[in-house]
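Worksheet for the structure shown next.
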Amino acid sequence: MPAPPPRLEIRNVSKTYRSGPQSTEVLHDLSLTVEAGTITALLGRSGCGKTTLLRLIAGLDRPSSGRLSLDGQSLDGVPPQKRPIGMAFQYPALLPQLTVRENIALGPKLREHFSSTLNHWHSRPTIIV
């Protein structure tokens with residue numbers, strides 16, 4: 001029996017940011033496969049494209065070229081809210097509209113609210129930066 005397809009595939013992805021006549025290529029022809037149920041760490045110096053890659057996967061930005069797919073389905077054109085992908089920032093921030101007590105209570109409330117969803121996605125690929 002053949003192995004199931006990889007959960008997350010990144011093929012020949014490049015990302016270039018343009019500002020007027022200036023352009024900066026942050027990712028160049030990157031290919032990566034993250035198998036179901038695995039944890040993958042992205043390591044590198046500041047500015048090497050780790051956050052850019054996560055933004056592309058989450059749908060917060062679009063690649064300049066290349067393809068991202070999940071379970072063999074292209075993520076091209078799939079809006080962030082329709083992707084079964086989340087992104088947590090390295091340094092947690094407080095929400096300024098909440099009190100200190102409300103900020104502290106937010107984590108357990110969200111965990112309780114989304115526990116069934118979290119259990120469902122437990123076998124999904126995880127990328128840590």
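For the structure tokens, the naming scheme is as follows: chains receive sequential letters (A, B, ...) according to their order of presentation, residues are indexed from 1 within each chain, and ligands are indexed from 1 in presentation order.
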
### Task
Please provide the set of residues having any atom within 12 Å of Thr24 in chain A, restricted to only C-alpha atoms, with same-chain residues fewer than 6 positions apart removed, written as a VMD selection string.
chain A and resid 14 to 18 47 to 49 64

Residue subset to file, keeping C-alpha atoms, as an mmCIF file, in the first residue's frame:
data_model
loop_
_atom_site.group_PDB
_atom_site.id
_atom_site.type_symbol
_atom_site.label_atom_id
_atom_site.label_comp_id
_atom_site.auth_asym_id
_atom_site.auth_seq_id
_atom_site.Cartn_x
_atom_site.Cartn_y
_atom_site.Cartn_z
ATOM 1 C CA SER A 14 9.781 32.498 -4.175
ATOM 2 C CA LYS A 15 8.745 35.784 -2.594
ATOM 3 C CA THR A 16 9.966 39.190 -3.677
ATOM 4 C CA TYR A 17 8.921 42.403 -1.971
ATOM 5 C CA ARG A 18 8.874 45.491 -4.173
ATOM 6 C CA GLY A 47 15.526 38.335 8.015
ATOM 7 C CA CYS A 48 16.108 35.021 6.212
ATOM 8 C CA GLY A 49 12.408 34.456 5.412
ATOM 9 C CA SER A 64 5.638 35.634 -6.155
#

### Message
I'd like the neighbourhood of Thr33 in chain A as a ChimeraX atom specification, where a residue qualifies if any of its atoms comes within 7 Å (using only C-alpha atoms), though same-chain residues fewer than 2 positions away should be ignored.
### Response
/A:6,8-10,35

### Query
Skipping near chain neighbours, those fewer than 5 positions away, what residues fall within 8 Å of range 73-83 of chain A using only C-alpha atoms, listed as a list of chain:residue names?
A:Ala58, A:Gly59, A:Leu60, A:Arg67, A:Leu68

#### Entry: Interatomic distance, CA of Ile57 in chain A to CA of Leu106 in chain A (Å, one decimal)
25.5 Å

### Task
as number ranges by chain, list the residues of range 9-124 of chain A assigned to strand (DSSP E or B) by DSSP on the backbone atoms of this structure.
A: 9-19, 22-34, 39-41, 65-70, 73-74

### Message
Just the number, please: distance in Å from CA of Gln22 in chain A to CA of Leu42 in chain A, one decimal.
### Response
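Going from CA of Gln22 in chain A over to CA of Leu42 in chain A, I get 27.2 Å.
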
Using DSSP on the backbone coordinates, identify the residues of range 11-56 of chain A assigned to alpha helix (DSSP H); present them as a PDB file with N, CA and C atoms, in the first residue's frame.
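Final output, part.pdb:
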ATOM      1  N   LYS A  50      11.834  33.221   7.443  1.00  0.00           N
ATOM      2  CA  LYS A  50      11.011  32.299   8.246  1.00  0.00           C
ATOM      3  C   LYS A  50       9.585  32.810   8.392  1.00  0.00           C
ATOM      4  N   THR A  51       9.433  34.027   8.807  1.00  0.00           N
ATOM      5  CA  THR A  51       8.095  34.604   8.998  1.00  0.00           C
ATOM      6  C   THR A  51       7.393  34.774   7.655  1.00  0.00           C
ATOM      7  N   THR A  52       8.125  35.143   6.636  1.00  0.00           N
ATOM      8  CA  THR A  52       7.527  35.267   5.299  1.00  0.00           C
ATOM      9  C   THR A  52       6.937  33.929   4.874  1.00  0.00           C
ATOM     10  N   LEU A  53       7.670  32.837   5.079  1.00  0.00           N
ATOM     11  CA  LEU A  53       7.158  31.514   4.716  1.00  0.00           C
ATOM     12  C   LEU A  53       5.879  31.195   5.490  1.00  0.00           C
ATOM     13  N   LEU A  54       5.861  31.478   6.782  1.00  0.00           N
ATOM     14  CA  LEU A  54       4.654  31.221   7.577  1.00  0.00           C
ATOM     15  C   LEU A  54       3.486  32.072   7.094  1.00  0.00           C
ATOM     16  N   ARG A  55       3.749  33.309   6.728  1.00  0.00           N
ATOM     17  CA  ARG A  55       2.686  34.177   6.210  1.00  0.00           C
ATOM     18  C   ARG A  55       2.126  33.627   4.902  1.00  0.00           C
ATOM     19  N   LEU A  56       2.992  33.053   4.066  1.00  0.00           N
ATOM     20  CA  LEU A  56       2.535  32.456   2.807  1.00  0.00           C
ATOM     21  C   LEU A  56       1.670  31.226   3.086  1.00  0.00           C
TER      22      LEU A  56
END
